[in-house]
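Text of the file entry-v2.txt, holding compact mmCIF, C-alpha atoms and all ligand atoms:
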# COMPACT_ATOMS: atom_id res chain seq x y z
CA MET O 1 -20.67 -37.39 -24.25
CA SER O 2 -23.45 -35.39 -25.89
CA ILE O 3 -22.27 -32.28 -27.66
CA SER O 4 -24.70 -29.50 -28.46
CA LEU O 5 -23.63 -27.33 -31.34
CA ASN O 6 -23.53 -23.55 -31.43
CA ALA O 7 -22.88 -20.74 -33.90
CA LYS O 8 -19.10 -20.86 -33.28
CA ASP O 9 -18.81 -24.48 -34.46
CA LEU O 10 -17.77 -25.46 -37.97
CA LEU O 11 -17.85 -28.78 -39.80
CA LEU O 12 -14.65 -29.19 -41.85
CA VAL O 13 -15.11 -31.75 -44.64
CA ILE O 14 -11.80 -33.04 -45.95
CA ASP O 15 -11.16 -34.15 -49.55
CA VAL O 16 -14.34 -36.06 -50.47
CA GLN O 17 -13.18 -36.15 -54.09
CA TYR O 18 -13.65 -38.78 -56.79
CA ASP O 19 -9.99 -39.86 -56.78
CA PHE O 20 -10.33 -40.86 -53.09
CA LEU O 21 -13.61 -42.73 -53.64
CA PRO O 22 -14.07 -46.28 -54.99
CA GLY O 23 -13.02 -46.26 -58.66
CA GLY O 24 -10.63 -43.34 -58.11
CA SER O 25 -6.85 -43.40 -58.56
CA LEU O 26 -6.16 -43.29 -54.79
CA ALA O 27 -9.37 -44.91 -53.60
CA VAL O 28 -9.88 -45.10 -49.84
CA ALA O 29 -11.73 -48.30 -48.85
CA GLY O 30 -15.31 -47.49 -47.88
CA GLY O 31 -14.81 -43.82 -48.72
CA ASP O 32 -18.28 -43.60 -50.23
CA GLU O 33 -19.91 -44.99 -47.07
CA ILE O 34 -19.33 -41.78 -45.13
CA ILE O 35 -21.09 -39.44 -47.56
CA PRO O 36 -24.67 -39.90 -46.22
CA LEU O 37 -23.37 -39.39 -42.69
CA ILE O 38 -21.48 -36.23 -43.68
CA ASN O 39 -24.62 -34.85 -45.35
CA GLN O 40 -26.66 -35.62 -42.26
CA LEU O 41 -24.07 -34.05 -39.94
CA GLY O 42 -23.78 -31.03 -42.21
CA SER O 43 -27.43 -30.22 -41.78
CA LYS O 44 -26.79 -29.71 -38.05
CA PHE O 45 -24.07 -27.12 -38.58
CA ALA O 46 -24.58 -23.43 -39.30
CA ASN O 47 -20.99 -23.31 -40.57
CA VAL O 48 -19.45 -25.73 -43.06
CA ALA O 49 -16.19 -25.59 -45.03
CA LEU O 50 -14.58 -28.15 -47.33
CA THR O 51 -11.05 -28.84 -48.48
CA GLN O 52 -10.08 -29.93 -51.97
CA ASP O 53 -6.74 -31.62 -52.76
CA TRP O 54 -5.64 -29.74 -55.89
CA HIS O 55 -2.34 -30.71 -57.46
CA PRO O 56 -0.71 -29.53 -60.68
CA ALA O 57 0.24 -32.30 -63.14
CA GLY O 58 3.70 -33.67 -62.31
CA HIS O 59 3.31 -32.87 -58.60
CA ILE O 60 6.24 -33.85 -56.37
CA SER O 61 4.02 -36.23 -54.34
CA PHE O 62 3.32 -38.38 -57.41
CA ALA O 63 5.45 -41.53 -57.78
CA SER O 64 5.29 -40.90 -61.53
CA SER O 65 7.37 -37.74 -61.00
CA HIS O 66 10.30 -39.81 -59.66
CA PRO O 67 11.79 -42.27 -62.16
CA GLY O 68 12.09 -45.79 -60.70
CA LYS O 69 9.75 -45.08 -57.76
CA VAL O 70 6.39 -46.70 -57.15
CA PRO O 71 3.35 -45.55 -55.15
CA PHE O 72 3.55 -45.87 -51.34
CA GLU O 73 7.38 -45.68 -51.34
CA LEU O 74 8.94 -43.02 -49.11
CA ILE O 75 11.46 -40.47 -50.31
CA ALA O 76 13.38 -37.72 -48.54
CA LEU O 77 12.58 -34.21 -49.72
CA PRO O 78 13.93 -30.86 -48.44
CA TYR O 79 10.90 -30.52 -46.11
CA GLY O 80 11.00 -34.09 -44.80
CA GLN O 81 9.82 -37.60 -45.64
CA GLN O 82 7.24 -37.83 -48.41
CA VAL O 83 5.02 -40.80 -49.22
CA LEU O 84 4.71 -41.17 -52.98
CA TRP O 85 1.19 -41.53 -54.33
CA PRO O 86 -0.48 -42.51 -57.56
CA ASP O 87 -1.33 -39.41 -59.60
CA HIS O 88 -4.48 -37.96 -58.00
CA CYS O 89 -6.59 -34.81 -57.74
CA VAL O 90 -4.96 -33.10 -60.71
CA GLN O 91 -6.35 -29.58 -61.14
CA GLY O 92 -9.32 -29.47 -63.47
CA THR O 93 -9.80 -33.23 -63.78
CA HIS O 94 -12.89 -35.23 -62.83
CA GLY O 95 -10.93 -37.01 -60.07
CA ALA O 96 -10.30 -33.68 -58.37
CA GLU O 97 -13.97 -32.78 -58.20
CA ILE O 98 -15.79 -32.99 -54.89
CA SER O 99 -18.34 -35.82 -55.10
CA ALA O 100 -21.72 -34.71 -56.39
CA ALA O 101 -23.23 -36.92 -53.65
CA ILE O 102 -22.03 -34.37 -51.09
CA GLU O 103 -25.11 -32.29 -50.33
CA LEU O 104 -23.93 -29.28 -48.39
CA PRO O 105 -25.44 -26.34 -50.26
CA HIS O 106 -24.96 -24.07 -47.26
CA ALA O 107 -21.17 -24.66 -47.15
CA GLN O 108 -19.37 -21.33 -47.03
CA LEU O 109 -15.82 -22.08 -48.15
CA ILE O 110 -13.91 -24.55 -50.28
CA ILE O 111 -10.20 -24.27 -49.63
CA ARG O 112 -7.78 -25.81 -52.12
CA LYS O 113 -4.40 -27.17 -51.10
CA GLY O 114 -1.39 -28.89 -52.61
CA TYR O 115 -1.25 -26.46 -55.54
CA HIS O 116 2.47 -25.76 -55.27
CA GLY O 117 4.30 -28.25 -57.49
CA ASP O 118 7.22 -28.86 -55.15
CA VAL O 119 5.47 -29.15 -51.76
CA ASP O 120 2.66 -31.47 -50.63
CA SER O 121 -0.15 -30.31 -48.33
CA TYR O 122 -2.13 -32.94 -46.45
CA SER O 123 -3.32 -30.28 -44.03
CA GLY O 124 -5.94 -27.71 -44.90
CA PHE O 125 -4.00 -25.22 -42.78
CA GLN O 126 -0.38 -25.39 -43.92
CA GLU O 127 1.81 -27.14 -46.44
CA ALA O 128 4.20 -29.98 -45.63
CA ASP O 129 7.06 -27.48 -45.22
CA ARG O 130 5.17 -26.53 -42.04
CA ALA O 131 5.63 -22.88 -42.93
CA THR O 132 3.44 -21.95 -45.92
CA LYS O 133 -0.11 -21.20 -44.75
CA THR O 134 -3.31 -21.72 -46.73
CA GLY O 135 -5.17 -18.91 -44.95
CA LEU O 136 -7.74 -21.22 -43.35
CA ALA O 137 -6.84 -20.35 -39.75
CA GLY O 138 -7.19 -16.65 -40.53
CA TYR O 139 -10.55 -17.23 -42.19
CA LEU O 140 -11.89 -19.23 -39.24
CA THR O 141 -10.60 -16.70 -36.74
CA GLU O 142 -12.21 -13.80 -38.60
CA ARG O 143 -15.47 -15.77 -38.66
CA GLY O 144 -15.33 -16.23 -34.88
CA ILE O 145 -15.16 -20.02 -35.11
CA THR O 146 -13.85 -21.71 -31.96
CA ARG O 147 -14.60 -25.43 -32.40
CA LEU O 148 -13.92 -27.59 -35.42
CA PHE O 149 -15.44 -30.97 -36.22
CA VAL O 150 -13.35 -32.74 -38.85
CA VAL O 151 -14.66 -35.48 -41.17
CA GLY O 152 -13.72 -36.97 -44.55
CA LEU O 153 -10.74 -38.62 -46.21
CA ALA O 154 -8.34 -39.88 -45.22
CA THR O 155 -8.23 -40.28 -41.43
CA ASP O 156 -4.48 -40.95 -41.35
CA PHE O 157 -3.37 -38.25 -43.80
CA CYS O 158 -5.43 -35.18 -44.65
CA VAL O 159 -7.95 -35.51 -41.79
CA GLY O 160 -5.24 -36.21 -39.21
CA TRP O 161 -2.84 -33.51 -40.33
CA SER O 162 -5.65 -30.95 -40.58
CA ALA O 163 -6.89 -31.83 -37.08
CA LEU O 164 -3.40 -31.52 -35.60
CA ASP O 165 -2.88 -28.12 -37.20
CA ALA O 166 -6.36 -26.96 -36.16
CA GLN O 167 -5.66 -27.89 -32.56
CA SER O 168 -2.28 -26.16 -32.55
CA ALA O 169 -3.82 -23.06 -34.15
CA GLY O 170 -6.01 -22.82 -31.03
CA PHE O 171 -9.29 -24.37 -32.19
CA GLU O 172 -10.91 -27.01 -30.00
CA THR O 173 -10.78 -29.89 -32.44
CA TYR O 174 -12.88 -33.04 -32.74
CA VAL O 175 -12.47 -35.85 -35.28
CA VAL O 176 -15.72 -37.70 -35.96
CA GLU O 177 -14.32 -41.19 -36.47
CA ASP O 178 -17.27 -42.88 -38.19
CA ALA O 179 -17.46 -40.02 -40.72
CA CYS O 180 -13.87 -40.72 -41.84
CA ARG O 181 -12.09 -43.57 -43.63
CA ALA O 182 -8.36 -44.34 -43.69
CA ILE O 183 -5.67 -45.36 -46.18
CA ASP O 184 -3.71 -47.20 -43.44
CA ALA O 185 -0.35 -47.69 -45.18
CA ASN O 186 2.51 -49.01 -43.01
CA GLY O 187 0.83 -48.34 -39.66
CA SER O 188 -0.21 -44.81 -40.58
CA LEU O 189 -3.67 -45.04 -38.99
CA ALA O 190 -2.45 -46.04 -35.52
CA ALA O 191 0.29 -43.40 -35.72
CA ALA O 192 -2.24 -40.72 -36.65
CA TRP O 193 -4.59 -41.53 -33.74
CA HIS O 194 -1.61 -41.59 -31.39
CA ALA O 195 -0.41 -38.16 -32.54
CA MET O 196 -3.92 -36.70 -32.36
CA ALA O 197 -4.49 -38.02 -28.82
CA ALA O 198 -1.13 -36.64 -27.69
CA ALA O 199 -2.04 -33.21 -29.09
CA GLY O 200 -5.43 -33.13 -27.36
CA VAL O 201 -7.60 -33.67 -30.44
CA LYS O 202 -10.88 -35.26 -29.32
CA ARG O 203 -12.00 -38.51 -30.98
CA ILE O 204 -15.77 -38.88 -31.10
CA THR O 205 -18.50 -40.62 -33.08
CA SER O 206 -21.36 -38.95 -34.89
CA GLY O 207 -23.87 -40.21 -32.34
CA GLU O 208 -22.31 -37.93 -29.73
CA ILE O 209 -23.35 -34.83 -31.66
CA ALA O 210 -26.84 -33.77 -30.61
C1 LIG G 1 -4.55 -37.40 -49.22
C2 LIG G 1 -2.70 -38.61 -49.82
C3 LIG G 1 -2.37 -37.67 -50.76
C4 LIG G 1 -5.75 -37.29 -48.34
C5 LIG G 1 -4.22 -36.44 -50.15
O1 LIG G 1 -6.73 -36.60 -48.72
O2 LIG G 1 -5.74 -37.90 -47.24
N1 LIG G 1 -3.78 -38.46 -49.04
N2 LIG G 1 -3.14 -36.58 -50.92
ZN ZN G 2 -2.71 -35.24 -52.53

Here is a file; write its structure as structure tokens.
Ligand code: VGL
Ligand code: ZN
Amino acid sequence: MSISLNAKDLLLVIDVQYDFLPGGSLAVAGGDEIIPLINQLGSKFANVALTQDWHPAGHISFASSHPGKVPFELIALPYGQQVLWPDHCVQGTHGAEISAAIELPHAQLIIRKGYHGDVDSYSGFQEADRATKTGLAGYLTERGITRLFVVGLATDFCVGWSALDAQSAGFETYVVEDACRAIDANGSLAAAWHAMAAAGVKRITSGEIA
């Protein structure tokens, strides 16, 4: 497939932040490898937006907030099952900054998520309660965007959940696989691709974008 881009397409760059890069508190293997590709892809898009995981200290998704729990354990919360993570992307810290190696000066929006202390938000569209919206769908709709190309970190969490919500919000959604890297905890990567395929999210590689 060769996809030619138009003015209604947007590149959505998910969570390329120091805590998810090698040396960070929740480092995604090979996370830094995708940055040159994202920069190169970005130059082809008239429209670019980024997400930024942005938690208050003591966030409910941190294992450290639950005595006796360790990272990657699951707990039940009022809104469902929650994976517990190392502390990461705390508001105002270096780890929460978007990598300076990301060169997308024409990006139009950075949307923060996960800022409510008692609810996680993998998706750039809505929180894990599946009710509280971030406003991203409204923004994209007002901008006349119809197709989304999703890249970044991590394939099986924030990329996957964002792509699923984008598709169900009515955007034609593509995940550019080689411009993403995964955490892959307990089969999460296979599960994410399965859910995305079932929802009609398209899985492509960067070479398919003209
Ligand atoms: C992410 C786990 C926790 C991600 C964010 O960006 O994929 N994963 N917070
Ligand atoms: Zn997070």

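Between ligand ZN 2 (chain G) and the candidates O:Leu189, O:Val16, O:Cys158, O:Val150, the tightest atom-to-atom separation, counting only C-alpha atoms and all ligand atoms, involves O:Cys158.
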
Discussion item. Show me which residues line ligand LIG 1 (chain G), defined as having an atom within 10 Å of a ligand atom where all atoms listed in the file count, and present them as a PyMOL selection string.
Written reply: chain O and resi 14-17+19-20+26-28+51-55+61-62+72+82-89+113-114+120-124+152-162+181-183

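Among the candidates O:Ala197, O:Val119, O:Ala96, O:Met1, the residue lying nearest to Gly80 in chain O is O:Val119 (atoms considered: all atoms listed in the file).
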
Around all the atoms of range 95-99 of chain O listed in the file, draw an axis-aligned box and extend it by 3 Å on each of the six sides; I want its centre and edge lengths in Å to one decimal, as lines of an AutoDock Vina configuration file.
center_x = -14.3
center_y = -34.9
center_z = -57.5
size_x = 14.0
size_y = 10.2
size_z = 11.2

Sphere at (1.2, -35.9, -31.1), radius 12 Å, counting all atoms listed in the file: residues as a PDB file with C-alpha atoms, in the frame of the given file:
ATOM      1  CA  GLY O 160      -5.240 -36.210 -39.210  1.00  0.00           C
ATOM      2  CA  TRP O 161      -2.840 -33.510 -40.330  1.00  0.00           C
ATOM      3  CA  ALA O 163      -6.890 -31.830 -37.080  1.00  0.00           C
ATOM      4  CA  LEU O 164      -3.400 -31.520 -35.600  1.00  0.00           C
ATOM      5  CA  ASP O 165      -2.880 -28.120 -37.200  1.00  0.00           C
ATOM      6  CA  GLN O 167      -5.660 -27.890 -32.560  1.00  0.00           C
ATOM      7  CA  SER O 168      -2.280 -26.160 -32.550  1.00  0.00           C
ATOM      8  CA  ALA O 190      -2.450 -46.040 -35.520  1.00  0.00           C
ATOM      9  CA  ALA O 191       0.290 -43.400 -35.720  1.00  0.00           C
ATOM     10  CA  ALA O 192      -2.240 -40.720 -36.650  1.00  0.00           C
ATOM     11  CA  TRP O 193      -4.590 -41.530 -33.740  1.00  0.00           C
ATOM     12  CA  HIS O 194      -1.610 -41.590 -31.390  1.00  0.00           C
ATOM     13  CA  ALA O 195      -0.410 -38.160 -32.540  1.00  0.00           C
ATOM     14  CA  MET O 196      -3.920 -36.700 -32.360  1.00  0.00           C
ATOM     15  CA  ALA O 197      -4.490 -38.020 -28.820  1.00  0.00           C
ATOM     16  CA  ALA O 198      -1.130 -36.640 -27.690  1.00  0.00           C
ATOM     17  CA  ALA O 199      -2.040 -33.210 -29.090  1.00  0.00           C
ATOM     18  CA  GLY O 200      -5.430 -33.130 -27.360  1.00  0.00           C
ATOM     19  CA  VAL O 201      -7.600 -33.670 -30.440  1.00  0.00           C
TER      20      VAL O 201
END

Discussion item. Given only C-alpha atoms as the basis, pick out the residue of O:Leu74, O:Ala185, O:Ala7, O:Ile35 nearest to Asn47 in chain O.
Written reply: O:Ala7

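The residue that comes closest to ligand ZN 2 (chain G), out of O:Thr173, O:Asn39, O:Thr134, O:Ser25 and on the basis of only C-alpha atoms and all ligand atoms, is O:Ser25.
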
Item to complete: Determine, counting all atoms listed in the file, which protein, DNA and RNA residues have an atom within 6 Å of an atom of Val151 in chain O; residues of the same chain fewer than 5 positions away are not included. Present the result as an NGL selection string.
Response: :O and (13 or 176 or 179-180)

Worksheet entry | Who sits within 12 Å of Ser65 in chain O, only C-alpha atoms, same chain under 5 positions skipped, as number ranges by chain | O: 56-60, 70-71, 75, 84-87, 117-118

Worksheet item: Nearest to Val175 in chain O: which of O:Ile209, O:Ile145, O:Asn6, O:Leu21 is it, counting only C-alpha atoms?
Response: O:Ile209

Worksheet item: What is the CA of Gly23 in chain O-CA of Ser206 in chain O distance in Å, reported with one decimal?
Response: 26.2 Å

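Closest to Leu136 in chain O among O:Phe149, O:Ile204, O:Ile34, O:Leu50 is O:Leu50, based on all atoms listed in the file.
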
Worksheet item: What does the distance from CA of Ala137 in chain O to CA of Gly42 in chain O come to in Å, to one decimal?
Response: 20.2 Å

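Here CA of Ala101 in chain O and CA of Gln40 in chain O stand 12.0 Å from one another.
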